Every structure is written in C-alpha cells, then in structure tokens.
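**Student:** Contents of target_23.csv (CSV, C-alpha atoms) are below:
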chain,number,residue,atom,x,y,z
A,89,MET,CA,104.6,21.0,47.0
A,90,ARG,CA,103.0,24.3,46.0
A,91,ILE,CA,101.0,26.0,48.7
A,92,GLN,CA,99.3,29.3,49.5
A,93,ALA,CA,101.2,31.6,51.9
A,94,ALA,CA,101.3,35.2,53.1
A,95,VAL,CA,104.7,36.6,52.1
A,96,LEU,CA,106.2,39.8,53.6
A,97,ARG,CA,108.6,41.1,50.9
A,98,SER,CA,109.8,44.3,52.6
A,99,CYS,CA,109.3,46.1,55.9
A,100,ASP,CA,107.1,48.8,54.4
A,101,ALA,CA,105.1,46.6,52.0
A,102,PRO,CA,101.7,44.9,52.6
A,103,PHE,CA,101.6,41.1,52.8
A,104,THR,CA,101.1,39.4,49.5
A,105,VAL,CA,99.2,36.1,49.3
A,106,GLU,CA,101.2,33.9,46.9
A,107,GLU,CA,101.8,30.4,45.7
A,108,VAL,CA,105.1,29.2,47.1
A,109,ASP,CA,106.9,25.9,47.1
A,110,LEU,CA,107.5,24.0,50.3
A,111,ARG,CA,109.8,21.1,50.7
A,112,GLU,CA,107.3,18.3,51.0
A,113,GLU,CA,109.2,15.5,52.7
A,114,PRO,CA,109.9,15.8,56.5
A,115,GLY,CA,113.4,14.9,57.6
A,116,ALA,CA,114.2,12.9,60.7
A,117,GLY,CA,112.5,14.5,63.7
A,118,GLU,CA,110.3,16.7,61.5
A,119,ILE,CA,106.5,16.7,60.7
A,120,LEU,CA,104.4,18.3,58.0
A,121,VAL,CA,101.4,20.0,59.4
A,122,GLU,CA,98.3,21.1,57.5
A,123,ILE,CA,97.5,24.5,59.2
A,124,ALA,CA,94.0,25.0,60.5
A,125,GLY,CA,94.6,28.4,61.9
A,126,SER,CA,97.6,30.7,62.8
A,127,GLY,CA,97.4,33.6,65.3
A,128,MET,CA,98.9,36.9,64.4
A,129,CYS,CA,101.3,38.1,67.1
A,130,ARG,CA,102.9,41.5,67.8
A,131,THR,CA,106.2,39.7,67.3
A,132,ASP,CA,105.2,39.0,63.7
A,133,LEU,CA,104.5,42.6,63.1
A,134,ALA,CA,107.7,43.7,64.8
A,135,VAL,CA,109.6,42.4,61.8
A,136,ARG,CA,108.5,45.7,60.1
A,137,ARG,CA,110.6,47.6,62.5
A,138,SER,CA,113.7,45.6,61.9
A,139,ALA,CA,114.8,46.9,58.5
A,140,GLY,CA,118.2,45.4,57.6
A,141,ARG,CA,118.1,42.9,60.5
A,142,SER,CA,115.5,40.5,59.2
A,143,PRO,CA,116.1,38.7,55.9
A,144,LEU,CA,113.1,39.3,53.7
A,145,PRO,CA,111.1,38.2,51.8
A,146,ALA,CA,109.7,35.7,54.3
A,147,VAL,CA,106.7,33.8,55.4
A,148,LEU,CA,105.9,34.8,59.0
A,149,GLY,CA,103.5,33.2,61.5
A,150,HIS,CA,104.4,31.4,64.8
A,151,GLU,CA,101.1,30.6,66.4
A,152,GLY,CA,100.0,27.7,64.2
A,153,ALA,CA,97.8,24.8,64.9
A,154,GLY,CA,96.9,22.0,62.5
A,155,VAL,CA,96.8,18.3,61.6
A,156,VAL,CA,99.9,16.2,61.0
A,157,VAL,CA,99.9,14.8,57.5
A,158,ARG,CA,103.4,13.3,57.3
A,159,THR,CA,106.3,12.6,59.7
A,160,GLY,CA,110.0,12.0,59.1
A,161,GLY,CA,110.3,9.5,61.8
A,162,GLY,CA,113.4,9.4,64.1
A,163,PRO,CA,113.8,8.7,67.8
A,164,ASP,CA,112.4,12.0,68.9
A,165,THR,CA,109.2,11.9,66.8
A,166,GLU,CA,106.4,10.6,69.0
A,167,ILE,CA,103.7,12.5,67.1
A,168,GLY,CA,101.9,10.6,64.3
A,169,VAL,CA,99.9,11.3,61.2
A,170,GLY,CA,96.4,12.5,62.0
A,171,ASP,CA,97.4,14.0,65.4
A,172,HIS,CA,96.1,17.5,66.2
A,173,VAL,CA,99.0,19.7,67.3
A,174,VAL,CA,99.7,23.3,68.5
A,175,LEU,CA,103.0,24.6,67.3
A,176,SER,CA,105.2,26.6,69.7
A,177,PHE,CA,108.8,27.9,69.6
A,178,ASP,CA,111.8,25.8,68.7
A,179,SER,CA,114.7,24.7,70.9
A,180,CYS,CA,117.7,22.5,70.6
A,181,GLY,CA,116.8,20.0,73.3
A,182,HIS,CA,120.4,19.4,74.5
A,183,CYS,CA,121.8,22.6,75.9
A,184,ARG,CA,122.0,23.3,79.6
A,185,SER,CA,118.7,25.3,79.6
A,186,CYS,CA,116.8,22.8,77.6
A,187,ARG,CA,118.0,20.0,79.9
A,188,ALA,CA,116.8,22.1,82.9
A,189,ALA,CA,113.3,22.3,81.4
A,190,ALA,CA,113.8,25.9,80.4
A,191,PRO,CA,113.6,25.7,76.6
A,192,ALA,CA,112.7,29.4,76.2
A,193,TYR,CA,116.3,30.2,77.3
A,194,CYS,CA,117.8,27.7,74.9
A,195,ASP,CA,121.4,28.6,73.9
A,196,SER,CA,120.2,28.4,70.2
A,197,PHE,CA,116.9,30.3,70.7
A,198,ALA,CA,117.8,33.1,68.3
A,199,ALA,CA,119.3,30.9,65.7
A,200,LEU,CA,116.4,28.5,65.7
A,201,ASN,CA,113.5,31.0,65.9
A,202,LEU,CA,114.6,34.3,64.4
A,203,PHE,CA,115.0,33.3,60.7
A,204,GLY,CA,117.9,31.1,61.5
A,205,GLY,CA,117.1,27.4,61.6
A,206,ARG,CA,119.1,24.4,62.3
A,207,LYS,CA,122.5,23.9,60.6
A,208,GLU,CA,121.4,20.7,59.0
A,209,ASP,CA,118.2,22.2,57.5
A,210,THR,CA,117.9,22.1,53.7
A,211,PRO,CA,115.9,24.9,52.0
A,212,ARG,CA,112.2,24.8,52.8
A,213,LEU,CA,110.5,27.7,51.0
A,214,THR,CA,110.9,29.3,47.6
A,215,ASP,CA,108.5,31.6,45.7
A,216,ALA,CA,106.9,30.8,42.4
A,217,ALA,CA,109.9,32.3,40.5
A,218,GLY,CA,112.4,30.1,42.4
A,219,GLY,CA,113.5,32.9,44.8
A,220,ALA,CA,114.5,31.8,48.3
A,221,LEU,CA,112.3,32.8,51.2
A,222,ALA,CA,113.8,33.3,54.6
A,223,PRO,CA,114.1,30.2,56.8
A,224,ARG,CA,111.3,29.2,59.1
A,225,TRP,CA,110.0,31.9,61.5
A,226,PHE,CA,110.0,30.5,65.1
A,227,GLY,CA,110.4,27.0,63.6
A,228,GLN,CA,107.0,27.4,61.7
A,229,SER,CA,106.3,30.1,59.1
A,230,SER,CA,102.7,29.2,59.6
A,231,PHE,CA,101.0,32.0,57.7
A,232,ALA,CA,100.5,29.3,55.1
A,233,ARG,CA,98.5,26.2,54.1
A,234,TYR,CA,101.2,23.8,55.4
A,235,ALA,CA,104.2,24.1,57.7
A,236,LEU,CA,107.2,21.9,58.0
A,237,VAL,CA,108.4,21.9,61.6
A,238,SER,CA,110.5,20.1,64.1
A,239,ALA,CA,108.4,17.6,66.1
A,240,ARG,CA,110.0,19.1,69.2
A,241,ASN,CA,108.0,22.3,68.9
A,242,ALA,CA,104.7,20.6,68.4
A,243,VAL,CA,102.3,19.7,71.2
A,244,ARG,CA,99.6,17.1,70.7
A,245,VAL,CA,96.1,18.2,71.7
A,246,ASP,CA,92.6,16.6,72.1
A,247,PRO,CA,91.0,16.4,68.7
A,248,ALA,CA,87.7,17.5,70.3
A,249,LEU,CA,89.1,21.0,70.8
A,250,PRO,CA,88.4,23.8,68.3
A,251,LEU,CA,91.8,23.3,66.5
A,252,GLU,CA,91.6,26.5,64.3
A,253,LEU,CA,91.5,28.6,67.5
A,254,LEU,CA,94.3,26.9,69.4
A,255,GLY,CA,97.4,28.4,67.7
A,256,PRO,CA,97.8,31.4,70.0
A,257,LEU,CA,98.3,29.0,72.9
A,258,GLY,CA,101.8,28.4,71.4
A,259,CYS,CA,103.0,31.9,72.1
A,260,GLY,CA,100.9,34.9,73.1
A,261,PHE,CA,98.5,33.3,75.5
A,262,LEU,CA,101.3,30.9,76.7
A,263,THR,CA,103.5,33.9,77.5
A,264,GLY,CA,100.9,35.7,79.6
A,265,ALA,CA,99.5,32.7,81.4
A,266,GLY,CA,103.0,31.2,81.8
A,267,ALA,CA,104.2,34.4,83.6
A,268,VAL,CA,101.4,34.0,86.1
A,269,LEU,CA,101.5,30.2,86.6
A,270,ASN,CA,105.2,29.4,86.0
A,271,THR,CA,107.2,32.5,86.8
A,272,PHE,CA,105.2,34.0,89.7
A,273,ARG,CA,103.6,30.7,90.7
A,274,THR,CA,100.5,32.7,91.6
A,275,SER,CA,98.2,31.2,94.3
A,276,PRO,CA,95.0,32.2,96.0
A,277,GLY,CA,95.4,35.4,97.9
A,278,ASP,CA,98.2,36.8,95.8
A,279,THR,CA,97.9,40.2,94.2
A,280,LEU,CA,98.9,41.0,90.6
A,281,ALA,CA,99.0,44.2,88.5
A,282,VAL,CA,99.0,43.7,84.7
A,283,TYR,CA,100.0,46.6,82.5
A,284,GLY,CA,98.7,46.4,79.0
A,285,ALA,CA,95.4,44.5,78.3
A,286,GLY,CA,96.3,43.0,74.9
A,287,ALA,CA,96.5,39.3,74.1
A,288,VAL,CA,99.4,38.6,76.6
A,289,GLY,CA,98.0,40.8,79.3
A,290,LEU,CA,94.5,39.4,79.1
A,291,ALA,CA,95.8,35.9,79.1
A,292,ALA,CA,97.7,36.8,82.3
A,293,VAL,CA,94.4,38.2,83.8
A,294,MET,CA,92.5,35.0,83.0
A,295,ALA,CA,95.3,32.8,84.4
A,296,ALA,CA,95.5,34.9,87.6
A,297,THR,CA,91.7,34.7,88.1
A,298,ALA,CA,91.9,30.9,87.6
A,299,ALA,CA,94.6,30.8,90.2
A,300,GLY,CA,92.6,32.8,92.7
A,301,ALA,CA,94.6,36.0,92.7
A,302,LEU,CA,93.3,39.6,93.0
A,303,THR,CA,94.2,41.3,89.8
A,304,VAL,CA,94.3,44.9,88.6
A,305,ALA,CA,94.6,45.6,84.8
A,306,VAL,CA,95.9,48.8,83.4
A,307,ASP,CA,95.3,50.0,79.8
A,308,ARG,CA,94.3,53.0,77.8
A,309,HIS,CA,91.6,51.3,75.7
A,310,PRO,CA,88.1,51.2,77.4
A,311,GLY,CA,87.1,48.1,75.4
A,312,ARG,CA,90.1,46.2,76.7
A,313,LEU,CA,89.6,47.4,80.2
A,314,ALA,CA,86.0,46.1,79.9
A,315,LEU,CA,87.4,42.7,78.8
A,316,ALA,CA,89.7,42.6,81.8
A,317,GLU,CA,86.8,43.2,84.1
A,318,ARG,CA,84.8,40.4,82.4
A,319,PHE,CA,87.7,38.1,83.1
A,320,GLY,CA,87.8,39.0,86.8
A,321,ALA,CA,90.2,42.0,87.1
A,322,LEU,CA,89.8,45.4,88.6
A,323,ALA,CA,90.4,47.9,85.7
A,324,LEU,CA,92.2,51.2,85.8
A,325,HIS,CA,92.9,53.6,83.0
A,326,ALA,CA,96.7,54.2,82.5
A,327,ASP,CA,96.2,57.9,82.9
A,328,THR,CA,94.5,57.6,86.3
A,329,PRO,CA,96.0,60.3,88.6
A,330,GLY,CA,98.2,58.7,91.3
A,331,LEU,CA,98.1,55.3,89.6
A,332,PRO,CA,100.7,53.6,91.8
A,333,GLU,CA,99.0,54.8,95.0
A,334,ARG,CA,95.6,53.7,93.7
A,335,ILE,CA,96.9,50.2,93.0
A,336,ARG,CA,98.5,50.0,96.4
A,337,ARG,CA,95.2,50.8,98.0
A,338,LEU,CA,93.4,48.2,95.9
A,339,THR,CA,96.0,45.5,96.7
A,340,ASP,CA,96.2,46.2,100.5
A,341,GLY,CA,99.7,47.8,100.5
A,342,GLY,CA,101.0,46.9,97.0
A,343,ALA,CA,100.9,44.1,94.4
A,344,ARG,CA,103.1,41.1,95.1
A,345,TYR,CA,103.6,40.7,91.4
A,346,ALA,CA,103.4,42.9,88.3
A,347,LEU,CA,103.6,42.1,84.6
A,348,ASP,CA,104.4,44.7,82.0
A,349,THR,CA,103.5,44.0,78.4
A,350,THR,CA,103.9,47.6,77.1
A,351,ALA,CA,107.7,48.3,77.3
A,352,ALA,CA,106.7,51.9,78.2
A,353,PRO,CA,109.2,53.3,80.7
A,354,PRO,CA,106.6,55.5,82.5
A,355,LEU,CA,104.3,52.5,83.1
A,356,ILE,CA,107.3,50.3,84.2
A,357,ASN,CA,108.2,52.9,86.8
A,358,ASP,CA,104.6,53.1,87.9
A,359,ALA,CA,104.5,49.3,88.2
A,360,LEU,CA,107.6,49.3,90.4
A,361,ARG,CA,106.2,52.0,92.7
A,362,ALA,CA,103.0,50.0,93.0
A,363,LEU,CA,104.7,46.8,94.3
A,364,ARG,CA,104.9,45.8,97.9
A,365,PRO,CA,108.3,45.3,99.5
A,366,THR,CA,110.1,42.3,97.9
A,367,GLY,CA,107.6,42.5,95.0
A,368,VAL,CA,108.6,41.3,91.5
A,369,LEU,CA,108.0,43.0,88.2
A,370,GLY,CA,108.2,40.8,85.1
A,371,LEU,CA,108.8,42.3,81.6
A,372,VAL,CA,107.7,40.4,78.5
A,373,ALA,CA,107.9,43.0,75.8
A,374,ARG,CA,111.2,43.9,74.2
A,375,LEU,CA,112.5,47.3,75.1
A,376,HIS,CA,113.4,49.5,72.2
A,377,THR,CA,114.8,52.4,74.2
A,378,ALA,CA,116.9,52.8,77.4
A,379,LEU,CA,114.9,52.1,80.6
A,380,PRO,CA,115.5,54.9,83.1
A,381,LEU,CA,114.5,53.8,86.5
A,382,GLU,CA,113.3,56.6,88.8
A,383,THR,CA,114.8,57.1,92.3
A,384,GLY,CA,113.3,54.7,94.9
A,385,THR,CA,111.6,52.3,92.4
A,386,LEU,CA,113.9,49.4,93.3
A,387,ASP,CA,114.0,50.1,97.1
A,388,ARG,CA,112.8,47.6,99.7
A,389,GLY,CA,113.7,44.4,97.9
A,390,ARG,CA,111.8,45.0,94.8
A,391,SER,CA,113.2,43.3,91.7
A,392,VAL,CA,112.8,43.2,87.9
A,393,ARG,CA,113.3,40.3,85.5
A,394,HIS,CA,112.6,39.5,81.9
A,395,ILE,CA,110.3,36.6,81.1
A,396,CYS,CA,110.6,34.8,77.8
A,397,GLU,CA,107.7,32.6,76.5
A,398,GLY,CA,106.1,32.5,80.0
A,399,ASP,CA,109.0,30.3,81.3
A,400,ALA,CA,107.0,27.5,79.7
A,401,VAL,CA,107.6,24.0,78.7
A,402,PRO,CA,104.9,24.1,76.0
A,403,ALA,CA,104.1,20.4,76.2
A,404,LEU,CA,103.2,20.9,79.9
A,405,LEU,CA,101.5,24.3,79.8
A,406,ILE,CA,99.4,24.0,76.7
A,407,PRO,CA,97.5,21.0,77.9
A,408,ARG,CA,97.0,22.8,81.3
A,409,LEU,CA,95.5,25.8,79.5
A,410,THR,CA,93.2,23.7,77.3
A,411,THR,CA,92.0,21.9,80.4
A,412,LEU,CA,91.3,25.2,82.1
A,413,TRP,CA,89.4,26.3,78.9
A,414,GLN,CA,87.3,23.2,79.0
A,415,ALA,CA,86.4,24.0,82.6
A,416,GLY,CA,85.4,27.5,81.6
A,417,ARG,CA,88.3,29.1,83.5
A,418,PHE,CA,90.5,30.3,80.7
A,419,PRO,CA,88.1,31.6,78.0
A,420,PHE,CA,90.8,32.6,75.5
A,421,ASP,CA,88.4,32.1,72.5
A,422,GLN,CA,86.6,35.3,73.5
A,423,LEU,CA,89.7,37.3,72.5
A,424,ILE,CA,89.9,35.8,68.9
A,425,ARG,CA,88.5,37.0,65.6
A,426,THR,CA,89.2,34.9,62.6
A,427,TYR,CA,90.1,36.1,59.1
A,428,PRO,CA,90.8,34.2,55.9
A,429,LEU,CA,94.4,34.1,55.0
A,430,THR,CA,93.7,36.3,52.0
A,431,ALA,CA,92.6,39.1,54.4
A,432,VAL,CA,96.0,39.1,56.2
A,433,ASN,CA,96.4,42.8,55.7
A,434,ASP,CA,92.9,43.5,57.2
A,435,ALA,CA,93.9,41.5,60.2
A,436,GLU,CA,97.1,43.4,60.6
A,437,ARG,CA,95.3,46.8,60.4
A,438,ASP,CA,92.7,45.7,62.9
A,439,CYS,CA,95.4,44.5,65.2
A,440,GLU,CA,97.4,47.7,65.0
A,441,ALA,CA,94.3,49.8,65.5
A,442,GLY,CA,93.2,47.9,68.6
A,443,ARG,CA,90.0,46.7,66.9
A,444,VAL,CA,90.8,43.1,67.6
A,445,VAL,CA,92.9,41.5,70.5
A,446,LYS,CA,94.0,38.3,68.7
A,447,PRO,CA,93.5,37.8,64.9
A,448,VAL,CA,93.7,34.3,63.7
A,449,LEU,CA,94.3,33.5,60.0
A,450,LEU,CA,92.4,30.6,58.4
A,451,PRO,CA,94.2,29.2,55.3
A,452,GLU,CA,91.0,27.8,53.9
A,453,GLY,CA,89.4,31.2,53.9
A,454,ARG,CA,86.6,30.6,56.5
A,455,GLY,CA,86.9,33.8,58.4
A,456,ARG,CA,84.0,34.9,60.7
What would the structure in this file look like if it were written as structure tokens?
**Tutor:**
Amino acid sequence: MRIQAAVLRSCDAPFTVEEVDLREEPGAGEILVEIAGSGMCRTDLAVRRSAGRSPLPAVLGHEGAGVVVRTGGGPDTEIGVGDHVVLSFDSCGHCRSCRAAAPAYCDSFAALNLFGGRKEDTPRLTDAAGGALAPRWFGQSSFARYALVSARNAVRVDPALPLELLGPLGCGFLTGAGAVLNTFRTSPGDTLAVYGAGAVGLAAVMAATAAGALTVAVDRHPGRLALAERFGALALHADTPGLPERIRRLTDGGARYALDTTAAPPLINDALRALRPTGVLGLVARLHTALPLETGTLDRGRSVRHICEGDAVPALLIPRLTTLWQAGRFPFDQLIRTYPLTAVNDAERDCEAGRVVKPVLLPEGRGR
C-alpha cells in the first residue's frame, strides 16, 4: 500500500514528506495500525548525531497511537481490528529479561528497536522509486499514515481517550513516570530531585506528585520551570549558587531519589551531592562523553543506575497512566502541541529550540 510518511534521508538533511510503499499484509503476530498521532522524541532526533551508525534513509517515529485495521493472527495476537492502541518499544518475549517482566532489558532490544528488526521480517518500507528504507524504528516507524508492528508492542486503550495524544505514553512519558513509579517505587513522604524539565522530566514530576512525593525540578528554561511548578514541584534554576546545598535544605537533608534527563556531567555530580545517605540517582539519557565523578559524590551509600524505558511493562504502566490522567492527576496533554505530518521540520525546530515540550505529528494534517 502506498502511504504518506516523513523520511529522513541523511543526518544533515531536513525530513521529506513522501509517498512510500508499506507491506500491507500483517504476518503472524503482527498488526497494521492507522496512525492517529505520533510523538516526536529526542531519541528520534538523536539519529542525526549517529552518522555512519544508523542506516538511512529511514522512517522514524516511535511514539505512535492509532486504530488497528488488520491483524495477522497467531497465538500471541490478542488485539483485534478496531482496537485503539498505543505503540511502545519491541521485545522478543522469550529471553530471561522478558520472562522476568523486564522487556526494556530484552537481550534483543538493540536488534529489534534500533533499525534491526526480527530475523524473520520481510521488507516493510520502500520509497516511490523502489529504494529500500531502513527497517522499522523501535518496531514502529510511525511518522507515517500507517505502521506495521508486532502485536507485542501494542497496548489496547479505552476508545473514549483522545487517541491522537496518547502516543508519547509509549516512550517519553512512560520513561519519566516509570522511573518514579517502577524504579524508585516512590510513595508519600519520599523526596525526589528531577534534573531537566523536558518531556521525560515533567512526566516524572507529574508521577511524583501523584505518588505524594516532595519534588524539586531543575532546569535552565523559565517556561519549563513554570510548568514544573504547575505540576507540583519546587523549581530551581540550574545555575542557582550552591544548588546541591539548596536542594538538601528543601528536602530535609537530601533527596532520597534523583532523576537526571540531561546527561550533563556537572548536573549529575550536583545530583549526587544533593542525595541523602543511601540515595539513588537514576540516569535515563544516553551519555555521549566520559562521566567524571567528583570526589565524595558516591560516599555514604549513594548509588547510580541507568534506567531504560522506565523499567516498564507497557501493558501495565500505560493503562495506569491513562487512569491517572482521567482522574486529573497526570495531565500529560498539557505538554503537547500537535502539528500536521507535513510540518515535521517545524516540529523539530520548535522541539530543539525549547518552544514545545512534546510535539505530536498528525498524519491527517489536523495540527492545532
């Protein structure tokens, strides 16, 4: 089938909205989804920094949501035609991590999500000239009118929900909220410091507020600090003199947990110094340089760990987040601005400039 999609042809080129050919018939365990909206994530844009490591041209997009229009059947396909679904990351389902309800640490995560695919996959996407496009991005390639995905990485949601806005629950919002609710298991009375008030950081703030924690948010953008305050956090500018000491005072001796979304070594060291004894720092952003830890930052039982995809089982966490949203306790929709798919480059520019927290692309062109 011929569909419209946003194609990235090289790391330094703009997206081009093109007519591409998608294999129409789902195989066993697959579904064909008509995309209602797809979030733009920093991970999509990071492909531009991976010259030579990412096979281009490709269709990106890994925060899709839409309606199932076909299924390939099979024993693992419980989702049916007409179901509303949020698409998340792919996983094999049978390795030790998957069997232990930790699909984000699947042995095949890189192969299945980073332009790899499953060995049994047949080609999915070609351009109008017949040129191959890279295999599905995070099992989706959802910057398109339709996506052919594994049923395993689709989560059924209530059709009464605003489907076009739900895609970011599959990655960015899932990562921030999952770090708070799954990794830290935050509860009333806990203290949390969040470094970076973008989509992941603000999702963490909202989840922490819903869990009853005292939260401090750190960022350099006044607008994002204002959002953090709206969602229940105390807000501090990243350049605040004596930042760790200030956070320790606000959290009665230090934060129990900290979440860094910036990958900035100075802030990571500040985060460690602001922890109480035995406090835990979680890192979600990929480090692009060596991380020098300053003397004393890991004293007194403090620890650091990386968190992938919020330690989430998407089929469990996404319904939890939509229930919180319906109760007014996880207002993720306030972070979203929608764009028509044809304005994908405007969405990228606004995201990079910090003018929008979470762009969502609408294939039908109904931006607001």
**Student:** Would you kindly return, as a PyMOL selection string, each protein, DNA or RNA residue with an atom no farther than 9 Å from any atom of region 144-149 of chain A, considering all atoms listed in the file and excluding same-chain residues fewer than 4 positions away?
**Tutor:** chain A and resi 93-99+126-129+132-133+135+140+203+213+220-226+228-232
**Student:** Just how far from CA of Leu360 (chain A) is CA of Asp340 (chain A), in Å to one decimal?
**Tutor:**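 Taking CA of Asp340 (chain A) and CA of Leu360 (chain A), their separation equals 15.5 Å.
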**Student:** Closest to Ala316 (chain A) among A:Val445, A:Ala351, A:Cys183, A:Val368, using all atoms listed in the file?
**Tutor:**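 Closest candidate: A:Val445.
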**Student:** Kindly give the distance, in Å, that separates CA of Phe272 (chain A) and CA of Gly398 (chain A), rounded to a single decimal.
**Tutor:**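 Interatomic distance, CA of Phe272 (chain A) to CA of Gly398 (chain A): 9.9 Å.
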**Student:** Nearest to Gly162 (chain A) among A:Arg212, A:Lys446, A:His394, A:Arg240, with distances taken over all atoms listed in the file: which residue is it?
**Tutor:**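 Closest to Gly162 (chain A), using all atoms listed in the file: A:Arg240.
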**Student:** Nearest to Leu322 (chain A) among A:Leu381, A:Val243, A:Ile123, A:Leu280, with distances taken over only C-alpha atoms: which residue is it?
**Tutor:**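 Closest to Leu322 (chain A), using only C-alpha atoms: A:Leu280.
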**Student:** Would you mind telling me which residue in A:Cys180, A:Ala116, A:Val293, A:Ala281 lies nearest to Arg361 (chain A) when using all atoms listed in the file?
**Tutor:**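 Result for the nearest residue to Arg361 (chain A): A:Ala281.
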**Student:** Go through A:Ser275, A:Ser179, A:Thr104, A:Thr426 one by one, measure the shortest atom-to-atom distance of each to Ala298 (chain A) using all atoms listed in the file, and give the residue with the smallest value.
**Tutor:**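 Going through A:Ser275, A:Ser179, A:Thr104, A:Thr426 one by one, the smallest distance to Ala298 (chain A) is for A:Ser275.
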**Student:** Grab the CA of Leu269 (chain A) to CA of Asp307 (chain A) distance for me, in Å with one decimal place.
**Tutor:**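 It comes out at 21.8 Å.
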**Student:** Ranking A:Ser391, A:Gly289, A:Arg312, A:Asp278 by minimum distance to Arg344 (chain A) and counting all atoms listed in the file, which one comes first?
**Tutor:**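 For Arg344 (chain A), the nearest of the given residues is A:Asp278.
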**Student:** Can you tell me which residues surround region 414-424 of chain A at a distance of at most 10 Å, considering only C-alpha atoms, apart from same-chain residues fewer than 6 positions away, and format the answer as a PyMOL selection string?
**Tutor:** chain A and resi 127+249-250+253-254+256-257+261+265+286-287+290-299+312+315+319+408+444-448
**Student:** Please identify all polymer residues within 10 Å of Leu324 (chain A), counting only C-alpha atoms, omitting same-chain residues fewer than 2 positions from it, and present them as a VMD selection string.
**Tutor:** chain A and resid 283 304 to 308 310 313 to 314 316 to 317 321 to 322 326 to 328 331 334 to 335
**Student:** Excluding Arg388 (chain A) and its own-chain neighbours fewer than 4 positions away, which residues fall within 10 Å of it when counting only C-alpha atoms? Please give them as number ranges by chain.
**Tutor:** A: 363-367, 384
**Student:** Need the shell around Thr159 (chain A): protein/DNA/RNA residues with any atom at most 9 Å away, counting all atoms listed in the file. Skip same-chain ones fewer than 3 positions apart. Format as JSON, numbers by chain?
**Tutor:** {"A": [113, 114, 115, 116, 117, 118, 119, 120, 121, 156, 162, 165, 167, 168, 169, 239]}
